[in-house]
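Below is upload.json, holding JSON, C-alpha atoms.
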```json
[["chain", "number", "residue", "atom", "x", "y", "z"],
["J", 1, "MET", "CA", 0.00, 0.00, 0.00],
["J", 2, "ASN", "CA", 1.21, 3.48, -0.84],
["J", 3, "TYR", "CA", 0.54, 5.16, 2.52],
["J", 4, "SER", "CA", 1.52, 8.60, 1.23],
["J", 5, "GLU", "CA", -1.02, 8.49, -1.60],
["J", 6, "SER", "CA", -3.60, 6.90, 0.68],
["J", 7, "THR", "CA", -3.18, 9.75, 3.15],
["J", 8, "THR", "CA", -3.46, 12.29, 0.33],
["J", 9, "PHE", "CA", -6.68, 10.66, -0.82],
["J", 10, "ARG", "CA", -8.11, 10.87, 2.70],
["J", 11, "ALA", "CA", -7.18, 14.57, 2.79],
["J", 12, "SER", "CA", -8.87, 15.16, -0.57],
["J", 13, "LEU", "CA", -12.02, 13.42, 0.62],
["J", 14, "ALA", "CA", -12.13, 15.52, 3.78],
["J", 15, "LEU", "CA", -11.59, 18.70, 1.75],
["J", 16, "VAL", "CA", -14.42, 17.90, -0.69],
["J", 17, "SER", "CA", -16.76, 17.11, 2.21],
["J", 18, "ASP", "CA", -15.92, 20.47, 3.79],
["J", 19, "GLU", "CA", -16.26, 22.50, 0.59],
["J", 20, "ILE", "CA", -19.60, 20.93, -0.31],
["J", 21, "ARG", "CA", -20.99, 22.59, 2.83],
["J", 22, "ASN", "CA", -19.97, 25.98, 1.42],
["J", 23, "VAL", "CA", -22.03, 25.59, -1.77],
["J", 24, "LYS", "CA", -25.70, 25.94, -0.88],
["J", 25, "ALA", "CA", -26.98, 23.90, -3.85],
["J", 26, "LEU", "CA", -24.72, 20.98, -2.90],
["J", 27, "ARG", "CA", -25.77, 20.92, 0.78],
["J", 28, "GLN", "CA", -29.32, 19.84, -0.01],
["J", 29, "PRO", "CA", -28.90, 16.13, -0.93],
["J", 30, "ALA", "CA", -28.90, 13.46, 1.77],
["J", 31, "ARG", "CA", -25.58, 12.90, 3.54],
["J", 32, "ILE", "CA", -25.00, 9.49, 1.96],
["J", 33, "LYS", "CA", -25.44, 11.04, -1.50],
["J", 34, "ARG", "CA", -22.93, 13.77, -0.68],
["J", 35, "ILE", "CA", -20.46, 11.12, 0.49],
["J", 36, "GLN", "CA", -20.91, 9.09, -2.71],
["J", 37, "PHE", "CA", -20.34, 12.21, -4.78],
["J", 38, "ALA", "CA", -17.24, 13.17, -2.77],
["J", 39, "ILE", "CA", -15.74, 9.71, -3.21],
["J", 40, "ASP", "CA", -16.29, 9.70, -6.97],
["J", 41, "LEU", "CA", -14.91, 13.21, -7.39],
["J", 42, "CYS", "CA", -11.78, 12.21, -5.47],
["J", 43, "LEU", "CA", -11.42, 9.02, -7.51],
["J", 44, "VAL", "CA", -11.37, 11.23, -10.62],
["J", 45, "ALA", "CA", -8.91, 13.67, -9.06],
["J", 46, "HIS", "CA", -6.51, 10.87, -8.11],
["J", 47, "GLY", "CA", -6.57, 9.26, -11.54],
["J", 48, "VAL", "CA", -8.65, 6.19, -10.70],
["J", 49, "ARG", "CA", -11.66, 7.18, -12.81],
["J", 50, "THR", "CA", -11.29, 8.84, -16.20],
["J", 51, "GLY", "CA", -14.68, 10.42, -15.76],
["J", 52, "TYR", "CA", -17.77, 10.38, -13.58],
["J", 53, "LEU", "CA", -21.35, 11.07, -14.65],
["J", 54, "VAL", "CA", -22.66, 13.09, -11.71],
["J", 55, "ASP", "CA", -25.69, 11.14, -10.56],
["J", 56, "ALA", "CA", -25.53, 11.13, -6.76],
["J", 57, "ILE", "CA", -26.54, 14.78, -6.53],
["J", 58, "CYS", "CA", -28.69, 16.95, -8.79],
["J", 59, "PRO", "CA", -28.24, 20.66, -7.98],
["J", 60, "PRO", "CA", -30.67, 23.04, -9.75],
["J", 61, "ASN", "CA", -27.88, 24.78, -11.67],
["J", 62, "PRO", "CA", -25.25, 22.03, -11.92],
["J", 63, "MET", "CA", -22.74, 23.85, -14.09],
["J", 64, "HIS", "CA", -22.59, 26.82, -11.70],
["J", 65, "ALA", "CA", -22.61, 24.75, -8.51],
["J", 66, "LEU", "CA", -19.97, 22.26, -9.65],
["J", 67, "THR", "CA", -17.73, 24.94, -11.16],
["J", 68, "THR", "CA", -17.89, 26.87, -7.88],
["J", 69, "LEU", "CA", -16.88, 23.72, -6.01],
["J", 70, "LEU", "CA", -14.01, 22.91, -8.38],
["J", 71, "LYS", "CA", -12.67, 26.44, -8.16],
["J", 72, "ALA", "CA", -12.61, 26.28, -4.36],
["J", 73, "LEU", "CA", -10.94, 22.86, -4.39],
["J", 74, "ARG", "CA", -8.23, 23.96, -6.81],
["J", 75, "GLU", "CA", -7.44, 26.96, -4.64],
["J", 76, "LYS", "CA", -6.76, 24.65, -1.68],
["J", 77, "SER", "CA", -5.26, 21.51, -3.21],
["J", 78, "ALA", "CA", -3.20, 20.67, -6.30],
["J", 79, "ALA", "CA", -4.86, 17.23, -6.29],
["J", 80, "PHE", "CA", -7.76, 18.77, -8.24],
["J", 81, "ASP", "CA", -5.70, 20.56, -10.88],
["J", 82, "HIS", "CA", -6.55, 18.01, -13.58],
["J", 83, "VAL", "CA", -10.30, 17.85, -12.87],
["J", 84, "ARG", "CA", -12.67, 19.62, -15.25],
["J", 85, "LEU", "CA", -16.39, 19.69, -15.80],
["J", 86, "TRP", "CA", -18.28, 18.85, -18.99],
["J", 87, "HIS", "CA", -21.97, 19.73, -19.06],
["J", 88, "HIS", "CA", -24.79, 19.10, -21.53],
["J", 89, "THR", "CA", -27.54, 21.61, -20.88],
["J", 90, "PRO", "CA", -30.50, 19.97, -22.72],
["J", 91, "THR", "CA", -30.16, 16.74, -20.72],
["J", 92, "ALA", "CA", -28.73, 18.36, -17.55],
["J", 93, "GLN", "CA", -25.92, 15.80, -17.57],
["J", 94, "SER", "CA", -22.61, 16.70, -15.94],
["J", 95, "PHE", "CA", -19.32, 14.83, -16.18],
["J", 96, "LEU", "CA", -16.29, 15.38, -13.97],
["J", 97, "VAL", "CA", -13.20, 14.22, -15.86],
["J", 98, "HIS", "CA", -9.47, 13.75, -15.30],
["J", 99, "THR", "CA", -8.09, 15.71, -18.25],
["J", 100, "PRO", "CA", -4.84, 13.78, -18.94],
["J", 101, "LEU", "CA", -6.56, 10.39, -18.63],
["J", 102, "LEU", "CA", -9.40, 11.50, -20.89],
["J", 103, "GLN", "CA", -6.99, 12.90, -23.49],
["J", 104, "ASP", "CA", -5.18, 9.54, -23.54],
["J", 105, "ARG", "CA", -8.44, 7.61, -23.84],
["J", 106, "LEU", "CA", -9.73, 9.83, -26.64],
["J", 107, "ALA", "CA", -6.46, 9.48, -28.54],
["J", 108, "ALA", "CA", -6.67, 5.69, -28.31],
["J", 109, "VAL", "CA", -10.34, 5.53, -29.32],
["J", 110, "LEU", "CA", -9.79, 7.87, -32.26],
["J", 111, "ARG", "CA", -6.61, 6.21, -33.46],
["J", 112, "ALA", "CA", -7.08, 5.25, -37.12],
["J", 113, "GLY", "CA", -8.43, 1.75, -37.53],
["J", 114, "GLY", "CA", -9.19, 1.23, -33.85],
["J", 115, "GLY", "CA", -7.10, -1.58, -32.42],
["J", 116, "PRO", "CA", -6.92, -3.42, -29.10],
["J", 117, "GLU", "CA", -5.38, -0.40, -27.40],
["J", 118, "SER", "CA", -8.56, 1.61, -27.96],
["J", 119, "ASP", "CA", -9.98, 0.13, -24.76],
["J", 120, "CYS", "CA", -13.55, 0.44, -26.03],
["J", 121, "VAL", "CA", -15.77, -1.33, -28.54],
["J", 122, "PHE", "CA", -19.00, 0.02, -30.01],
["J", 123, "VAL", "CA", -22.20, -2.04, -30.25],
["J", 124, "THR", "CA", -24.80, -0.65, -32.64],
["J", 125, "LEU", "CA", -28.33, -1.39, -31.43],
["J", 126, "ASP", "CA", -29.95, -1.99, -34.81],
["J", 127, "THR", "CA", -32.32, -4.84, -35.67],
["J", 128, "HIS", "CA", -29.21, -6.95, -36.10],
["J", 129, "LEU", "CA", -26.63, -6.07, -33.47],
["J", 130, "SER", "CA", -23.15, -5.27, -34.75],
["J", 131, "VAL", "CA", -19.82, -4.57, -33.06],
["J", 132, "SER", "CA", -16.87, -2.42, -34.12],
["J", 133, "ARG", "CA", -13.70, -0.98, -32.61],
["J", 134, "VAL", "CA", -14.11, 2.10, -34.79],
["J", 135, "PRO", "CA", -16.62, 4.69, -33.52],
["J", 136, "PRO", "CA", -19.31, 5.93, -35.94],
["J", 137, "GLU", "CA", -18.20, 9.03, -37.83],
["J", 138, "THR", "CA", -20.66, 11.31, -36.01],
["J", 139, "LEU", "CA", -19.31, 10.11, -32.69],
["J", 140, "GLN", "CA", -15.72, 10.50, -33.88],
["J", 141, "GLN", "CA", -16.42, 14.15, -34.64],
["J", 142, "ALA", "CA", -17.95, 14.71, -31.19],
["J", 143, "LEU", "CA", -14.92, 13.09, -29.56],
["J", 144, "ARG", "CA", -12.57, 15.26, -31.62],
["J", 145, "ASP", "CA", -14.50, 18.34, -30.50],
["J", 146, "VAL", "CA", -14.13, 17.30, -26.85],
["J", 147, "ARG", "CA", -10.41, 16.71, -27.31],
["J", 148, "SER", "CA", -9.77, 20.01, -29.08],
["J", 149, "SER", "CA", -11.85, 21.99, -26.56],
["J", 150, "MET", "CA", -9.79, 20.64, -23.67],
["J", 151, "THR", "CA", -6.60, 21.55, -25.52],
["J", 152, "GLU", "CA", -7.65, 25.03, -26.59],
["J", 153, "SER", "CA", -9.47, 26.16, -23.45],
["J", 154, "SER", "CA", -8.21, 26.43, -19.88],
["J", 155, "SER", "CA", -11.72, 26.86, -18.50],
["J", 156, "LEU", "CA", -12.74, 24.74, -15.51],
["J", 157, "SER", "CA", -16.07, 23.95, -17.16],
["J", 158, "LEU", "CA", -16.87, 23.18, -20.77],
["J", 159, "ALA", "CA", -20.17, 22.69, -22.57],
["J", 160, "LEU", "CA", -21.07, 19.82, -24.85],
["J", 161, "SER", "CA", -22.90, 20.99, -27.95],
["J", 162, "ASP", "CA", -26.66, 21.39, -27.52],
["J", 163, "THR", "CA", -27.10, 19.74, -30.93],
["J", 164, "LEU", "CA", -25.79, 16.36, -29.79],
["J", 165, "THR", "CA", -28.54, 13.73, -29.97],
["J", 166, "GLU", "CA", -28.98, 10.54, -27.96],
["J", 167, "ASP", "CA", -27.31, 8.34, -30.58],
["J", 168, "ILE", "CA", -24.13, 10.37, -29.97],
["J", 169, "LEU", "CA", -24.53, 11.27, -26.29],
["J", 170, "ILE", "CA", -24.98, 7.68, -25.12],
["J", 171, "PRO", "CA", -21.72, 6.28, -26.56],
["J", 172, "LEU", "CA", -19.92, 9.57, -25.79],
["J", 173, "ALA", "CA", -20.83, 9.14, -22.13],
["J", 174, "ALA", "CA", -19.56, 5.54, -22.22],
["J", 175, "VAL", "CA", -16.18, 6.76, -23.47],
["J", 176, "LEU", "CA", -15.99, 9.50, -20.83],
["J", 177, "ILE", "CA", -16.71, 7.14, -17.92],
["J", 178, "ASP", "CA", -14.42, 4.24, -18.85],
["J", 179, "TYR", "CA", -16.90, 1.69, -20.17],
["J", 180, "ALA", "CA", -15.23, -1.06, -22.17],
["J", 181, "VAL", "CA", -18.40, -1.39, -24.27],
["J", 182, "ALA", "CA", -20.35, 1.58, -25.65],
["J", 183, "TYR", "CA", -23.89, 1.17, -26.94],
["J", 184, "VAL", "CA", -24.79, 3.16, -30.06],
["J", 185, "PRO", "CA", -28.53, 3.62, -30.69],
["J", 186, "ALA", "CA", -29.49, 3.05, -34.32],
["J", 187, "PHE", "CA", -31.30, 6.41, -34.37],
["J", 188, "SER", "CA", -31.75, 9.33, -31.98],
["J", 189, "ALA", "CA", -35.37, 8.59, -31.03],
["J", 190, "GLN", "CA", -34.79, 4.91, -30.26],
["J", 191, "THR", "CA", -36.30, 4.06, -26.87],
["J", 192, "VAL", "CA", -36.32, 0.24, -26.73],
["J", 193, "PHE", "CA", -32.99, -1.53, -26.40],
["J", 194, "LEU", "CA", -31.89, -5.16, -26.13],
["J", 195, "GLN", "CA", -35.30, -6.64, -25.28],
["J", 196, "SER", "CA", -34.88, -10.17, -23.86],
["J", 197, "GLU", "CA", -31.22, -10.18, -24.92],
["J", 198, "MET", "CA", -28.86, -12.22, -22.75],
["J", 199, "LEU", "CA", -26.24, -9.85, -21.38],
["J", 200, "ASP", "CA", -22.84, -10.22, -19.80],
["J", 201, "VAL", "CA", -22.80, -7.67, -16.98],
["J", 202, "TYR", "CA", -19.57, -6.35, -15.44],
["J", 203, "THR", "CA", -19.24, -4.48, -12.15],
["J", 204, "VAL", "CA", -16.04, -2.87, -10.87],
["J", 205, "SER", "CA", -16.15, -1.92, -7.21],
["J", 206, "ILE", "CA", -14.12, -1.15, -4.10],
["J", 207, "LYS", "CA", -14.82, -3.18, -0.97],
["J", 208, "GLY", "CA", -13.47, -2.77, 2.53],
["J", 209, "MET", "CA", -12.47, 0.78, 1.66],
["J", 210, "THR", "CA", -10.01, 1.45, 4.47],
["J", 211, "PRO", "CA", -9.28, 5.07, 3.48],
["J", 212, "LEU", "CA", -13.03, 5.72, 3.36],
["J", 213, "ASP", "CA", -14.19, 3.81, 6.43],
["J", 214, "SER", "CA", -14.63, 6.91, 8.54],
["J", 215, "GLU", "CA", -17.04, 8.29, 5.93],
["J", 216, "SER", "CA", -18.77, 5.25, 4.48],
["J", 217, "GLY", "CA", -18.65, 2.57, 7.17],
["J", 218, "PRO", "CA", -16.33, -0.45, 7.20],
["J", 219, "GLY", "CA", -16.84, -3.05, 4.54],
["J", 220, "ASN", "CA", -19.08, -0.91, 2.36],
["J", 221, "GLU", "CA", -18.99, -1.39, -1.39],
["J", 222, "HIS", "CA", -18.54, 1.54, -3.73],
["J", 223, "VAL", "CA", -19.29, 0.82, -7.39],
["J", 224, "LEU", "CA", -16.92, 2.46, -9.87],
["J", 225, "LEU", "CA", -18.73, 1.34, -12.99],
["J", 226, "LYS", "CA", -21.25, -1.17, -14.24],
["J", 227, "PHE", "CA", -21.89, -1.95, -17.89],
["J", 228, "SER", "CA", -23.11, -4.78, -20.08],
["J", 229, "CYS", "CA", -22.45, -6.44, -23.42],
["J", 230, "PRO", "CA", -24.69, -8.76, -25.46],
["J", 231, "GLN", "CA", -23.52, -12.30, -24.73],
["J", 232, "VAL", "CA", -23.87, -13.24, -28.39],
["J", 233, "PHE", "CA", -20.56, -11.51, -29.17],
["J", 234, "ALA", "CA", -18.46, -13.39, -26.61],
["J", 235, "SER", "CA", -17.81, -16.46, -28.75],
["J", 236, "ASP", "CA", -16.83, -14.62, -31.95],
["J", 237, "HIS", "CA", -14.95, -11.69, -30.41],
["J", 238, "ALA", "CA", -12.23, -12.80, -28.01],
["J", 239, "GLU", "CA", -11.86, -9.31, -26.56],
["J", 240, "LEU", "CA", -15.52, -9.49, -25.43],
["J", 241, "SER", "CA", -15.30, -12.86, -23.69],
["J", 242, "PRO", "CA", -15.95, -12.66, -19.94],
["J", 243, "GLY", "CA", -12.51, -14.00, -19.08],
["J", 244, "THR", "CA", -10.75, -11.40, -21.21],
["J", 245, "LEU", "CA", -12.85, -8.45, -20.04],
["J", 246, "VAL", "CA", -12.66, -9.37, -16.35],
["J", 247, "GLU", "CA", -8.87, -9.66, -16.55],
["J", 248, "LYS", "CA", -8.57, -6.39, -18.48],
["J", 249, "LEU", "CA", -10.71, -4.50, -15.98],
["J", 250, "GLN", "CA", -8.92, -6.08, -13.02],
["J", 251, "VAL", "CA", -5.49, -5.05, -14.30],
["J", 252, "LYS", "CA", -6.60, -1.54, -15.25],
["J", 253, "PHE", "CA", -8.32, -0.63, -11.99],
["J", 254, "SER", "CA", -6.06, -2.59, -9.65],
["J", 255, "THR", "CA", -3.15, -0.55, -10.96],
["J", 256, "ARG", "CA", -4.98, 2.74, -10.51],
["J", 257, "LEU", "CA", -6.46, 1.90, -7.12],
["J", 258, "GLY", "CA", -3.22, 0.42, -5.85],
["J", 259, "ARG", "CA", -1.68, 3.88, -5.97],
["J", 260, "ILE", "CA", -4.08, 5.04, -3.25],
["J", 261, "GLY", "CA", -3.98, 1.83, -1.21],
["J", 262, "MET", "CA", -7.22, 0.25, -2.43],
["J", 263, "ARG", "CA", -8.21, -2.92, -4.26],
["J", 264, "ALA", "CA", -10.47, -3.43, -7.26],
["J", 265, "PHE", "CA", -13.07, -6.19, -7.38],
["J", 266, "VAL", "CA", -14.49, -7.17, -10.77],
["J", 267, "ILE", "CA", -17.65, -9.26, -10.88],
["J", 268, "HIS", "CA", -19.26, -10.80, -13.97],
["J", 269, "HIS", "CA", -22.76, -12.21, -14.18],
["J", 270, "THR", "CA", -25.42, -12.75, -16.85],
["J", 271, "GLU", "CA", -28.94, -11.42, -16.95],
["J", 272, "THR", "CA", -31.86, -10.75, -19.27],
["J", 273, "GLN", "CA", -34.07, -7.69, -18.97],
["J", 274, "ASP", "CA", -37.25, -6.53, -20.68],
["J", 275, "ARG", "CA", -35.28, -3.54, -21.84],
["J", 276, "VAL", "CA", -31.98, -1.88, -20.99],
["J", 277, "ALA", "CA", -31.81, 1.73, -19.80],
["J", 278, "LEU", "CA", -28.92, 3.64, -21.38]]
```
Can you turn what I pasted into structure tokens?
Amino acid sequence: MNYSESTTFRASLALVSDEIRNVKALRQPARIKRIQFAIDLCLVAHGVRTGYLVDAICPPNPMHALTTLLKALREKSAAFDHVRLWHHTPTAQSFLVHTPLLQDRLAAVLRAGGGPESDCVFVTLDTHLSVSRVPPETLQQALRDVRSSMTESSSLSLALSDTLTEDILIPLAAVLIDYAVAYVPAFSAQTVFLQSEMLDVYTVSIKGMTPLDSESGPGNEHVLLKFSCPQVFASDHAELSPGTLVEKLQVKFSTRLGRIGMRAFVIHHTETQDRVAL
């Protein structure tokens, strides 16, 4: 265990908890929700998560509230220097991202021809499901725009284009938050996905979070990410087999979490749902 980094993570968590109390809009959610948010923000800041879709708290003006918080955190700790906010106004979705990690991930995903290093595959949810390592062209352009905006602007908060539709936003979010599989709706108004389709489901979590025990209670589980992939692809695409994906996720997050004295747990199971929410 890296005790120095573990101690720094504890300090970051305490700082976020304190600063949340200074932003009126962020004081309203229940305490457990504020703790969950603080943990995920710190996991981004310390390079464990590439990005986090803010879902534990829903302030009325998220871009203002979260930018205010980030500004205060940066003034008090260099640990938050790489954290930035992406916001999509029409859907009120906010993403906190680790800029260097996201730049690396975007470069890999956009690399010509895809390749195993891209760390993400794209499943198109058409009548006949299809899989590709190369993002659709419309998504590629959105990813390029994100990459160039982060390079050209030093702003703490950046806005995703209001014109982005669900068929772009859904896989874009998957890239931002480290999913190994990104679903791509066949069209923007598609509302029914993967009906009665057998899915491989992957969950990456932290258990027995020693650095967080004082906040979350000993032995609690904190989920980093949870995503699925149609099981039909596992036999024909080796990179989508449960054994391969579990090992890949274990290596990736064990390395990142090990730097702050934590362990990653990757669980795989199968399930079938009436429909999948994206």
For Asp40 in chain J, please output as a PyMOL selection string all residues within 8 Å (counting all atoms listed in the file; exclusion window: fewer than 2 positions along the same chain). chain J and resi 36-38+42-44+49+52+224
Given all atoms listed in the file as the basis, pick out the residue of J:Arg21, J:His268, J:His222, J:His98 nearest to His82 in chain J.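 Under the stated criterion, the closest residue is J:His98.
The shortest atom-to-atom distance to Lys248 in chain J, with all atoms listed in the file taken into account, belongs to J:Ala180 out of J:Phe9, J:Pro136, J:Ser228, J:Ala180.
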Residue neighbourhood Ser149 in chain J, 12 Å, only C-alpha atoms, exclusion window fewer than 3 positions, as a PyMOL selection string: chain J and resi 84-86+99+103+142-146+152-161
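With distances restricted to all atoms listed in the file, J:Asp126 is the closest residue to Phe187 in chain J from J:Asp126, J:Glu75, J:His237, J:Thr163.
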Taking (-21.2, 9.3, -24.4) in the file's own coordinates, collect the residues within 12 Å, counting only C-alpha atoms, and hand them back as a CSV table (one decimal) with C-alpha atoms, keeping the file's coordinate frame.
```
chain,number,residue,atom,x,y,z
J,51,GLY,CA,-14.7,10.4,-15.8
J,52,TYR,CA,-17.8,10.4,-13.6
J,53,LEU,CA,-21.4,11.1,-14.6
J,86,TRP,CA,-18.3,18.8,-19.0
J,87,HIS,CA,-22.0,19.7,-19.1
J,88,HIS,CA,-24.8,19.1,-21.5
J,93,GLN,CA,-25.9,15.8,-17.6
J,94,SER,CA,-22.6,16.7,-15.9
J,95,PHE,CA,-19.3,14.8,-16.2
J,106,LEU,CA,-9.7,9.8,-26.6
J,120,CYS,CA,-13.6,0.4,-26.0
J,122,PHE,CA,-19.0,0.0,-30.0
J,135,PRO,CA,-16.6,4.7,-33.5
J,138,THR,CA,-20.7,11.3,-36.0
J,139,LEU,CA,-19.3,10.1,-32.7
J,140,GLN,CA,-15.7,10.5,-33.9
J,142,ALA,CA,-18.0,14.7,-31.2
J,143,LEU,CA,-14.9,13.1,-29.6
J,146,VAL,CA,-14.1,17.3,-26.8
J,160,LEU,CA,-21.1,19.8,-24.8
J,164,LEU,CA,-25.8,16.4,-29.8
J,165,THR,CA,-28.5,13.7,-30.0
J,166,GLU,CA,-29.0,10.5,-28.0
J,167,ASP,CA,-27.3,8.3,-30.6
J,168,ILE,CA,-24.1,10.4,-30.0
J,169,LEU,CA,-24.5,11.3,-26.3
J,170,ILE,CA,-25.0,7.7,-25.1
J,171,PRO,CA,-21.7,6.3,-26.6
J,172,LEU,CA,-19.9,9.6,-25.8
J,173,ALA,CA,-20.8,9.1,-22.1
J,174,ALA,CA,-19.6,5.5,-22.2
J,175,VAL,CA,-16.2,6.8,-23.5
J,176,LEU,CA,-16.0,9.5,-20.8
J,177,ILE,CA,-16.7,7.1,-17.9
J,178,ASP,CA,-14.4,4.2,-18.8
J,179,TYR,CA,-16.9,1.7,-20.2
J,181,VAL,CA,-18.4,-1.4,-24.3
J,182,ALA,CA,-20.4,1.6,-25.6
J,183,TYR,CA,-23.9,1.2,-26.9
J,184,VAL,CA,-24.8,3.2,-30.1
J,185,PRO,CA,-28.5,3.6,-30.7
J,278,LEU,CA,-28.9,3.6,-21.4
```
